[in-house]
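Visitor: Structure file model.tsv (TSV, C-alpha atoms) is given on the next line.
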chain	number	residue	atom	x	y	z
A	28	MET	CA	9.05	99.12	-53.47
A	29	TRP	CA	12.46	97.54	-52.99
A	30	GLU	CA	14.70	97.44	-56.02
A	31	LYS	CA	15.72	93.95	-57.09
A	32	GLU	CA	19.30	93.13	-56.25
A	33	ASN	CA	21.60	90.61	-57.88
A	34	ILE	CA	20.00	87.33	-56.85
A	35	TYR	CA	23.05	85.08	-57.27
A	36	SER	CA	26.12	85.03	-55.04
A	37	GLU	CA	29.57	84.54	-56.53
A	38	ASP	CA	29.46	80.79	-55.87
A	39	GLY	CA	26.09	80.36	-57.58
A	40	CYS	CA	23.83	80.14	-54.53
A	41	VAL	CA	20.45	81.82	-54.91
A	42	LEU	CA	19.90	84.96	-52.87
A	43	LEU	CA	16.46	86.07	-51.72
A	44	GLN	CA	14.85	89.18	-53.15
A	45	ASN	CA	13.93	90.28	-49.64
A	46	PRO	CA	16.39	92.50	-47.73
A	47	HIS	CA	14.51	91.99	-44.46
A	48	ILE	CA	15.59	88.34	-44.19
A	49	ARG	CA	19.24	89.32	-43.79
A	50	GLU	CA	18.32	91.45	-40.77
A	51	MET	CA	16.64	88.55	-38.93
A	52	GLU	CA	18.57	86.58	-36.34
A	53	GLN	CA	16.52	83.52	-37.19
A	54	ASP	CA	13.92	82.69	-39.80
A	55	PHE	CA	11.17	80.36	-38.58
A	56	LEU	CA	9.77	78.41	-41.53
A	57	TYR	CA	6.56	77.81	-39.62
A	58	HIS	CA	4.61	75.66	-42.06
A	59	ILE	CA	7.45	73.17	-42.66
A	60	SER	CA	8.65	73.16	-39.04
A	61	LEU	CA	12.24	74.33	-39.63
A	62	CYS	CA	14.21	77.30	-38.30
A	63	SER	CA	17.45	78.85	-39.53
A	64	GLY	CA	18.50	79.91	-36.03
A	65	VAL	CA	17.88	76.54	-34.40
A	66	GLN	CA	18.90	73.96	-37.01
A	67	ASN	CA	21.95	73.91	-39.27
A	68	LEU	CA	19.98	74.05	-42.52
A	69	GLU	CA	23.12	74.19	-44.65
A	70	GLU	CA	24.39	70.96	-43.13
A	71	MET	CA	20.98	69.32	-43.51
A	72	PHE	CA	20.00	70.44	-47.02
A	73	SER	CA	22.94	71.93	-48.97
A	74	ASP	CA	23.16	68.90	-51.30
A	75	VAL	CA	19.57	69.28	-52.56
A	76	LYS	CA	19.30	69.55	-56.35
A	77	PHE	CA	15.65	68.64	-56.94
A	78	VAL	CA	12.47	69.74	-55.15
A	79	CYS	CA	9.50	67.60	-56.20
A	80	MET	CA	6.07	68.57	-54.96
A	81	GLY	CA	2.57	67.19	-55.30
A	82	GLY	CA	-0.82	67.61	-53.71
A	83	THR	CA	-1.22	64.89	-51.09
A	84	PRO	CA	1.03	63.76	-48.22
A	85	ARG	CA	0.47	60.08	-49.05
A	86	ARG	CA	1.49	60.52	-52.69
A	87	MET	CA	4.69	62.35	-51.79
A	88	GLU	CA	5.56	59.79	-49.12
A	89	LYS	CA	5.26	57.06	-51.76
A	90	PHE	CA	7.39	59.15	-54.11
A	91	ALA	CA	10.06	59.49	-51.40
A	92	HIS	CA	10.31	55.70	-51.10
A	93	TYR	CA	10.37	55.42	-54.90
A	94	VAL	CA	13.28	57.89	-55.05
A	95	GLN	CA	15.15	55.92	-52.39
A	96	GLN	CA	14.71	52.72	-54.38
A	97	GLU	CA	15.55	54.14	-57.80
A	98	LEU	CA	18.60	56.14	-56.64
A	99	ASP	CA	19.73	53.18	-54.47
A	100	ILE	CA	20.09	55.35	-51.38
A	101	LYS	CA	21.06	53.34	-48.31
A	102	LEU	CA	19.84	54.48	-44.91
A	103	PRO	CA	21.77	53.69	-41.72
A	104	THR	CA	20.75	50.43	-40.07
A	105	GLY	CA	17.67	50.89	-37.93
A	106	SER	CA	16.65	54.19	-39.53
A	107	ALA	CA	13.80	55.01	-41.89
A	108	LEU	CA	12.53	57.89	-43.99
A	109	CYS	CA	10.73	60.38	-41.77
A	110	ASP	CA	8.39	63.30	-42.34
A	111	ILE	CA	10.61	66.30	-41.55
A	112	SER	CA	7.61	68.63	-41.30
A	113	ALA	CA	5.33	66.33	-39.30
A	114	ARG	CA	5.20	68.70	-36.32
A	115	SER	CA	3.73	71.47	-38.47
A	116	TYR	CA	0.59	69.42	-39.23
A	117	ARG	CA	0.42	71.32	-42.54
A	118	TYR	CA	2.66	69.69	-45.13
A	119	SER	CA	4.66	66.46	-45.36
A	120	MET	CA	8.31	66.65	-46.44
A	121	TYR	CA	11.00	64.05	-46.97
A	122	LYS	CA	14.66	64.36	-47.95
A	123	ILE	CA	16.19	61.51	-49.93
A	124	GLY	CA	19.75	62.29	-50.94
A	125	PRO	CA	19.63	65.23	-53.39
A	126	VAL	CA	15.81	65.13	-53.61
A	127	ILE	CA	13.12	66.77	-51.50
A	128	SER	CA	9.64	65.27	-51.79
A	129	VAL	CA	6.96	67.53	-50.31
A	130	SER	CA	3.17	67.89	-50.41
A	131	HIS	CA	1.73	71.30	-51.32
A	132	GLY	CA	-1.96	70.78	-50.61
A	133	MET	CA	-4.71	71.91	-52.96
A	134	GLY	CA	-4.95	75.24	-54.77
A	135	ILE	CA	-2.86	78.39	-55.15
A	136	PRO	CA	-2.89	79.67	-51.53
A	137	SER	CA	-1.60	76.39	-50.11
A	138	LEU	CA	1.06	75.98	-52.80
A	139	SER	CA	2.16	79.62	-52.45
A	140	ILE	CA	2.84	79.30	-48.72
A	141	LEU	CA	4.90	76.18	-49.26
A	142	LEU	CA	6.93	77.66	-52.12
A	143	HIS	CA	7.83	80.77	-50.11
A	144	GLU	CA	9.23	78.62	-47.33
A	145	ILE	CA	10.95	76.05	-49.57
A	146	ILE	CA	12.68	78.84	-51.52
A	147	LYS	CA	13.82	80.37	-48.24
A	148	LEU	CA	15.04	76.94	-47.13
A	149	MET	CA	17.12	76.67	-50.31
A	150	TYR	CA	18.59	80.09	-49.52
A	151	HIS	CA	19.47	79.30	-45.91
A	152	ALA	CA	20.94	75.93	-46.97
A	153	ARG	CA	23.03	77.59	-49.72
A	154	CYS	CA	21.74	75.17	-52.35
A	155	LYS	CA	22.94	75.55	-55.92
A	156	ASP	CA	21.26	74.89	-59.28
A	157	VAL	CA	18.03	73.51	-57.84
A	158	THR	CA	15.23	72.31	-60.14
A	159	PHE	CA	11.61	72.48	-58.96
A	160	LEU	CA	9.03	70.00	-60.31
A	161	ARG	CA	5.29	69.93	-59.64
A	162	LEU	CA	3.93	66.40	-60.08
A	163	GLY	CA	0.16	66.39	-60.21
A	164	THR	CA	-3.16	65.24	-61.58
A	165	CYS	CA	-5.46	67.20	-63.86
A	166	GLY	CA	-8.40	67.08	-66.19
A	167	GLY	CA	-7.49	66.73	-69.85
A	168	ILE	CA	-9.07	68.91	-72.53
A	169	GLY	CA	-9.45	66.91	-75.73
A	170	ILE	CA	-6.74	64.37	-74.87
A	171	PRO	CA	-7.07	60.80	-73.51
A	172	ALA	CA	-7.24	59.96	-69.82
A	173	GLY	CA	-3.92	58.66	-68.53
A	174	SER	CA	-1.87	61.02	-70.71
A	175	LEU	CA	1.10	63.01	-69.44
A	176	VAL	CA	1.09	66.78	-69.95
A	177	ILE	CA	4.20	68.95	-69.72
A	178	THR	CA	3.05	72.54	-69.20
A	179	GLU	CA	4.35	74.88	-71.89
A	180	GLU	CA	2.53	77.90	-70.46
A	181	ALA	CA	0.25	78.38	-67.45
A	182	VAL	CA	-2.81	80.61	-67.82
A	183	ASP	CA	-5.69	81.59	-65.56
A	184	GLY	CA	-9.40	81.10	-66.19
A	185	ARG	CA	-9.38	84.07	-68.58
A	186	MET	CA	-6.33	82.88	-70.54
A	187	ARG	CA	-3.99	85.41	-68.88
A	188	ASN	CA	-0.45	84.16	-68.35
A	189	TYR	CA	0.25	85.99	-65.12
A	190	LEU	CA	-0.59	85.65	-61.45
A	191	GLU	CA	-2.42	88.63	-59.99
A	192	LEU	CA	-1.87	89.35	-56.30
A	193	GLU	CA	-3.14	92.05	-53.98
A	194	ILE	CA	-0.13	93.41	-52.05
A	195	LEU	CA	-0.71	96.27	-49.59
A	196	GLY	CA	-4.09	96.83	-51.22
A	197	LYS	CA	-2.68	97.17	-54.75
A	198	PRO	CA	-2.84	94.69	-57.66
A	199	VAL	CA	0.51	93.18	-58.64
A	200	GLN	CA	0.93	91.03	-61.75
A	201	ARG	CA	3.72	88.45	-61.90
A	202	PRO	CA	4.47	86.63	-65.19
A	203	ALA	CA	3.86	82.88	-65.09
A	204	ILE	CA	6.90	81.76	-67.07
A	205	LEU	CA	8.33	78.23	-67.01
A	206	ASP	CA	11.79	77.20	-68.18
A	207	LYS	CA	11.43	76.20	-71.85
A	208	ASP	CA	14.60	74.10	-72.00
A	209	LEU	CA	13.57	72.12	-68.93
A	210	ALA	CA	10.10	71.49	-70.37
A	211	ALA	CA	11.59	70.37	-73.69
A	212	GLU	CA	13.95	67.98	-71.90
A	213	LEU	CA	11.07	66.42	-69.99
A	214	LYS	CA	8.99	66.11	-73.18
A	215	MET	CA	11.87	64.35	-74.92
A	216	ILE	CA	12.23	61.86	-72.05
A	217	GLY	CA	8.47	61.30	-72.01
A	218	ASP	CA	8.32	60.64	-75.75
A	219	SER	CA	11.26	58.24	-75.74
A	220	GLU	CA	10.88	56.41	-72.43
A	221	MET	CA	7.23	56.63	-71.30
A	222	THR	CA	5.88	54.34	-74.01
A	223	GLU	CA	2.84	53.27	-71.97
A	224	CYS	CA	1.16	56.64	-72.57
A	225	GLN	CA	1.20	59.74	-74.75
A	226	THR	CA	3.09	62.82	-73.59
A	227	PHE	CA	1.60	66.18	-74.59
A	228	PHE	CA	3.07	69.69	-74.51
A	229	GLY	CA	0.58	72.53	-74.13
A	230	LYS	CA	-1.06	75.27	-72.11
A	231	THR	CA	-2.41	74.49	-68.65
A	232	MET	CA	-5.40	76.42	-67.36
A	233	CYS	CA	-5.12	77.04	-63.62
A	234	THR	CA	-8.42	77.82	-61.90
A	235	ASN	CA	-9.38	78.95	-58.40
A	236	ASP	CA	-12.11	76.35	-58.07
A	237	PHE	CA	-12.64	72.66	-58.92
A	238	TYR	CA	-16.31	72.91	-59.84
A	239	GLU	CA	-17.66	76.15	-61.33
A	240	GLY	CA	-14.19	77.49	-62.14
A	241	GLN	CA	-13.57	74.46	-64.33
A	242	GLY	CA	-17.03	74.46	-65.88
A	243	ARG	CA	-18.28	71.32	-64.18
A	244	LEU	CA	-21.97	70.48	-64.13
A	245	ASP	CA	-21.86	68.39	-60.93
A	246	GLY	CA	-21.08	70.97	-58.22
A	247	ALA	CA	-23.45	72.28	-55.55
A	248	PHE	CA	-24.16	75.25	-57.85
A	249	CYS	CA	-24.37	75.55	-61.63
A	250	ASP	CA	-25.77	78.55	-63.51
A	251	TYR	CA	-24.81	77.43	-67.02
A	252	THR	CA	-25.86	74.70	-69.43
A	253	MET	CA	-24.13	71.70	-70.94
A	254	THR	CA	-23.95	73.67	-74.19
A	255	ASP	CA	-22.22	76.57	-72.41
A	256	LYS	CA	-19.70	74.22	-70.83
A	257	VAL	CA	-18.82	72.36	-74.02
A	258	ALA	CA	-18.49	75.61	-75.97
A	259	PHE	CA	-16.07	76.98	-73.36
A	260	LEU	CA	-13.93	73.83	-73.28
A	261	LYS	CA	-13.77	73.69	-77.07
A	262	GLU	CA	-12.82	77.36	-77.23
A	263	ILE	CA	-9.91	77.06	-74.81
A	264	HIS	CA	-8.80	73.82	-76.47
A	265	SER	CA	-8.64	75.69	-79.80
A	266	LYS	CA	-6.32	78.18	-78.08
A	267	GLY	CA	-3.89	75.45	-77.04
A	268	VAL	CA	-5.17	74.46	-73.58
A	269	THR	CA	-4.57	70.75	-73.00
A	270	ASN	CA	-5.44	70.43	-69.31
A	271	MET	CA	-6.88	72.08	-66.19
A	272	GLU	CA	-5.72	72.08	-62.58
A	273	MET	CA	-5.39	74.53	-59.68
A	274	GLU	CA	-1.69	75.20	-58.97
A	275	SER	CA	0.39	75.72	-62.13
A	276	LEU	CA	-0.08	79.49	-62.45
A	277	ALA	CA	1.30	80.22	-58.98
A	278	PHE	CA	4.03	77.60	-59.35
A	279	ALA	CA	5.23	79.17	-62.60
A	280	ALA	CA	4.98	82.77	-61.35
A	281	ILE	CA	6.74	82.13	-58.04
A	282	CYS	CA	9.54	80.05	-59.57
A	283	HIS	CA	10.10	82.71	-62.24
A	284	HIS	CA	10.08	85.53	-59.68
A	285	ALA	CA	12.58	83.61	-57.53
A	286	ARG	CA	14.73	82.81	-60.60
A	287	VAL	CA	14.59	79.06	-60.03
A	288	LYS	CA	13.92	76.60	-62.83
A	289	GLY	CA	10.54	74.92	-62.63
A	290	ALA	CA	8.37	72.52	-64.62
A	291	VAL	CA	4.88	71.07	-64.25
A	292	ILE	CA	4.17	67.41	-65.06
A	293	CYS	CA	0.56	66.23	-64.75
A	294	VAL	CA	-1.39	63.12	-65.65
A	295	THR	CA	-4.93	63.46	-66.97
A	296	LEU	CA	-7.57	61.56	-65.00
A	297	LEU	CA	-10.29	62.13	-67.59
A	298	ASN	CA	-11.09	63.97	-70.82
A	299	ARG	CA	-13.34	66.85	-69.76
A	300	LEU	CA	-14.98	66.97	-73.19
A	301	LEU	CA	-16.46	63.55	-72.36
A	302	GLY	CA	-17.63	64.19	-68.79
A	303	ASP	CA	-17.00	65.65	-65.34
A	304	GLN	CA	-16.83	62.75	-62.90
A	305	ILE	CA	-13.86	60.45	-62.41
A	306	SER	CA	-15.08	56.85	-62.62
A	307	THR	CA	-11.92	54.96	-63.59
A	308	PRO	CA	-11.21	51.88	-61.37
A	309	LYS	CA	-8.93	52.60	-58.42
A	310	GLU	CA	-6.10	50.31	-59.51
A	311	ILE	CA	-5.89	52.00	-62.92
A	312	MET	CA	-6.01	55.44	-61.31
A	313	GLU	CA	-3.13	54.52	-59.02
A	314	GLU	CA	-1.02	53.44	-61.98
A	315	TRP	CA	-1.82	56.67	-63.84
A	316	GLN	CA	-0.88	58.78	-60.82
A	317	GLU	CA	2.55	57.15	-60.77
A	318	ARG	CA	3.33	58.33	-64.32
A	319	PRO	CA	4.47	61.89	-63.44
A	320	GLN	CA	6.66	60.36	-60.72
A	321	LYS	CA	8.21	57.90	-63.16
A	322	LEU	CA	9.00	60.68	-65.61
A	323	ALA	CA	10.51	62.77	-62.80
A	324	ILE	CA	12.73	59.87	-61.72
A	325	LYS	CA	13.93	59.30	-65.27
A	326	PHE	CA	14.79	62.99	-65.50
A	327	ILE	CA	16.59	63.02	-62.14
A	328	LYS	CA	18.63	59.92	-62.98
A	329	LYS	CA	19.58	61.45	-66.31
A	330	ARG	CA	20.75	64.64	-64.59
A	331	LEU	CA	22.73	62.58	-62.07
A	332	ASN	CA	24.28	60.49	-64.89
A	333	MET	CA	22.79	57.27	-63.52
Take the structure in this file and express it as structure tokens.
Guide:
Amino acid sequence: MWEKENIYSEDGCVLLQNPHIREMEQDFLYHISLCSGVQNLEEMFSDVKFVCMGGTPRRMEKFAHYVQQELDIKLPTGSALCDISARSYRYSMYKIGPVISVSHGMGIPSLSILLHEIIKLMYHARCKDVTFLRLGTCGGIGIPAGSLVITEEAVDGRMRNYLELEILGKPVQRPAILDKDLAAELKMIGDSEMTECQTFFGKTMCTNDFYEGQGRLDGAFCDYTMTDKVAFLKEIHSKGVTNMEMESLAFAAICHHARVKGAVICVTLLNRLLGDQISTPKEIMEEWQERPQKLAIKFIKKRLNM
């Protein structure tokens, strides 16, 4: 295995922990439709300070317009925000001043591919002091629907706080560690400025499946009882788990391995102790799904002294 080198240059830009990249004449970031040998990525992206990602293209497009409005970013006459990665047909990505808004799809594999290429983009663009935020939805465990959750620690379905990968046929474990100071800052902003809902701080269970992996009773298969499900949810809640989703473990592990600061902000769409299906009216759901974005904007404006 390669030994880890110093990952920061003298001017503070992040260096990749991959010596092969330096030997490549060009690096084609296939899934986001960018290439270091074709486009001047430093000119295009060097001012980026915040990478905000969420599951769906539509949600992140709306967030891009929200960022433009809140940061009062003026576009040249006749121009509009465009999906930089549209030609990839995989992810949607927008750049709005110092902010990237990008969709990561659903689940660990999809998020992992995106993070690899976004981190490489930050390297090629010589970005400095970049903060990564995942803005998502989740199922709450013992907390009200519509609540915000700042992830203190990400764990897998067996309460292990590391991501296990198979690399060259061998298991590799990478710690899923999030920046504590960043999480505390977001919690403070949530408590003081997001008065329309409660903001919780706790463990997030990241599963590989939406149905059986999260103990639902309404999937195509179910080999356990309601009693089994409730006992499991109560047990993990007693161990500090406040919510469930399918990306936080990889997000935390990859950000930590790349030495970039990351945080996970989710809104709960239901309390899983009360049921499995989401039946809240659409207009209320839409307002709830904007809450992580609102908290992210408040954080960004605070960092930019706005």
Visitor: If you count all atoms listed in the file, which residues fall within 10 Å of segment 298-303 of chain A, apart from same-chain ones fewer than 6 positions away, as a list in words?
Guide: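 In the requested format, the answer is Cys165, Gly166, Gly167, Ile168, Gly169, Ile170, Pro171, Ala172, Gly173, Ser174, Tyr238, Gln241, Gly242, Arg243, Leu244, Asp245, Gly246, Lys256, Val257, Ala258, Leu260, Lys261, His264, Thr269, Asn270 and Met271 of chain A.
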Visitor: Between A:Met333, A:Leu276, A:Leu43, A:Leu162, which residue has the minimum interatomic distance to Val291 of chain A, considering only C-alpha atoms?
Guide: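 Closest to Val291 of chain A of all the choices is A:Leu162.
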Visitor: Quick one: pull the distance between atom CA of Tyr116 of chain A and atom CA of Gln44 of chain A, Å, one decimal.
Guide: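 Atom-to-atom, atom CA of Tyr116 of chain A and atom CA of Gln44 of chain A are spaced 28.1 Å apart.
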Visitor: Quick one: residues within 8 Å of Ile100 of chain A, all atoms listed in the file counted, chain neighbours fewer than 3 positions away excluded, as a list in words?
Guide: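 Listing them by chain and then by number gives Gln95, Gln96, Glu97, Ile123 and Gly124 of chain A.
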Visitor: For the contact check between segment 141-227 of chain A and segment 47-52 of chain A, emit one row per residue of segment 141-227 of chain A within 12 Å, containing the shortest atom pair and the distance in Å rounded to one decimal, counting only C-alpha atoms, chain then rising number order, as JSON lines.
Guide:
{"residue": "A:Lys147", "atom": "CA", "partner": "A:Ile48", "partner_atom": "CA", "distance": 9.1}
{"residue": "A:Leu148", "atom": "CA", "partner": "A:Ile48", "partner_atom": "CA", "distance": 11.8}
{"residue": "A:Tyr150", "atom": "CA", "partner": "A:Ile48", "partner_atom": "CA", "distance": 10.3}
{"residue": "A:His151", "atom": "CA", "partner": "A:Ile48", "partner_atom": "CA", "distance": 10.0}
Visitor: Contacts between segment 175-180 of chain A and segment 204-279 of chain A, please, where a residue of segment 204-279 of chain A counts if it comes within 7 Å (with only C-alpha atoms); show its shortest atom pair and distance in Å to one decimal, rows by chain and ascending number, as a tab-separated table.
Guide:
residue	atom	partner	partner_atom	distance
A:Ile204	CA	A:Glu180	CA	6.7
A:Leu205	CA	A:Glu180	CA	6.8
A:Ala210	CA	A:Ile177	CA	6.5
A:Lys214	CA	A:Ile177	CA	6.6
A:Gln225	CA	A:Leu175	CA	6.2
A:Thr226	CA	A:Leu175	CA	4.6
A:Phe227	CA	A:Val176	CA	4.7
A:Phe228	CA	A:Ile177	CA	5.0
A:Gly229	CA	A:Glu179	CA	5.0
A:Lys230	CA	A:Glu180	CA	4.7
A:Thr231	CA	A:Thr178	CA	5.8
Visitor: What is the atom CA of Lys325 of chain A to atom CA of Ala279 of chain A distance in Å?
Guide: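 Between atom CA of Lys325 of chain A and atom CA of Ala279 of chain A the gap is 21.9 Å.
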Visitor: Could you name the residues that touch segment 108-114 of chain A at 12 Å or less, counting all atoms listed in the file, but leaving out those on the same chain fewer than 4 positions away, as a ChimeraX atom specification?
Guide: /A:56-62,71-72,84-85,87-96,100-104,118-124,127-131,141,144-145
Visitor: For Cys224 of chain A, which residue out of A:Thr158, A:Gln304, A:Ser63, A:Thr295 is the nearest one, using all atoms listed in the file?
Guide: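 The closest residue to Cys224 of chain A is A:Thr295.
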Visitor: Edge lengths and centre in Å to one decimal, as AutoDock Vina command-line options, is what I'm after for the box along x, y and z that holds all listed atoms of segment 95-111 of chain A once 5 Å is added on each side.
Guide:
--center_x 15.1 --center_y 58.4 --center_z -47.9 --size_x 23.4 --size_y 25.9 --size_z 29.9
Visitor: Which is closer to Ile327 of chain A than all the others in A:Gly82, A:Val41, A:Asn67, A:Val126, using all atoms listed in the file?
Guide: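 Using all atoms listed in the file, the shortest distance to Ile327 of chain A belongs to A:Val126.
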Visitor: May I have the residues within 7 Å of Val157 of chain A as a list in words, using only C-alpha atoms and disregarding those fewer than 4 positions away in the same chain?
Guide: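 Those residues are Val75, Lys76, Phe77 and Val287 of chain A.
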Visitor: Please indicate the distance in Å from atom CA of Ala152 of chain A to atom CA of Pro125 of chain A, rounded to one decimal place.
Guide: 12.5 Å
Visitor: Find the residues near Pro202 of chain A: any atom within 12 Å, counting only C-alpha atoms, skip ones fewer than 4 places away on the same chain, and give them as a list of chain:residue names.
Guide: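 The residues satisfying every condition are A:Glu180, A:Ala181, A:Val182, A:Asp183, A:Arg187, A:Asn188, A:Tyr189, A:Leu190, A:Glu191, A:Leu192, A:Leu276, A:Ala277, A:Phe278, A:Ala279, A:Ala280, A:Ile281, A:Cys282, A:His283, A:His284, A:Ala285, A:Arg286.
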Visitor: Quick one: write out the picked residues with C-alpha atoms as a compact mmCIF listing (two decimals), keeping the file's coordinate frame?
Guide:
# COMPACT_ATOMS: atom_id res chain seq x y z
CA GLU A 180 2.53 77.90 -70.46
CA ALA A 181 0.25 78.38 -67.45
CA VAL A 182 -2.81 80.61 -67.82
CA ASP A 183 -5.69 81.59 -65.56
CA ARG A 187 -3.99 85.41 -68.88
CA ASN A 188 -0.45 84.16 -68.35
CA TYR A 189 0.25 85.99 -65.12
CA LEU A 190 -0.59 85.65 -61.45
CA GLU A 191 -2.42 88.63 -59.99
CA LEU A 192 -1.87 89.35 -56.30
CA LEU A 276 -0.08 79.49 -62.45
CA ALA A 277 1.30 80.22 -58.98
CA PHE A 278 4.03 77.60 -59.35
CA ALA A 279 5.23 79.17 -62.60
CA ALA A 280 4.98 82.77 -61.35
CA ILE A 281 6.74 82.13 -58.04
CA CYS A 282 9.54 80.05 -59.57
CA HIS A 283 10.10 82.71 -62.24
CA HIS A 284 10.08 85.53 -59.68
CA ALA A 285 12.58 83.61 -57.53
CA ARG A 286 14.73 82.81 -60.60
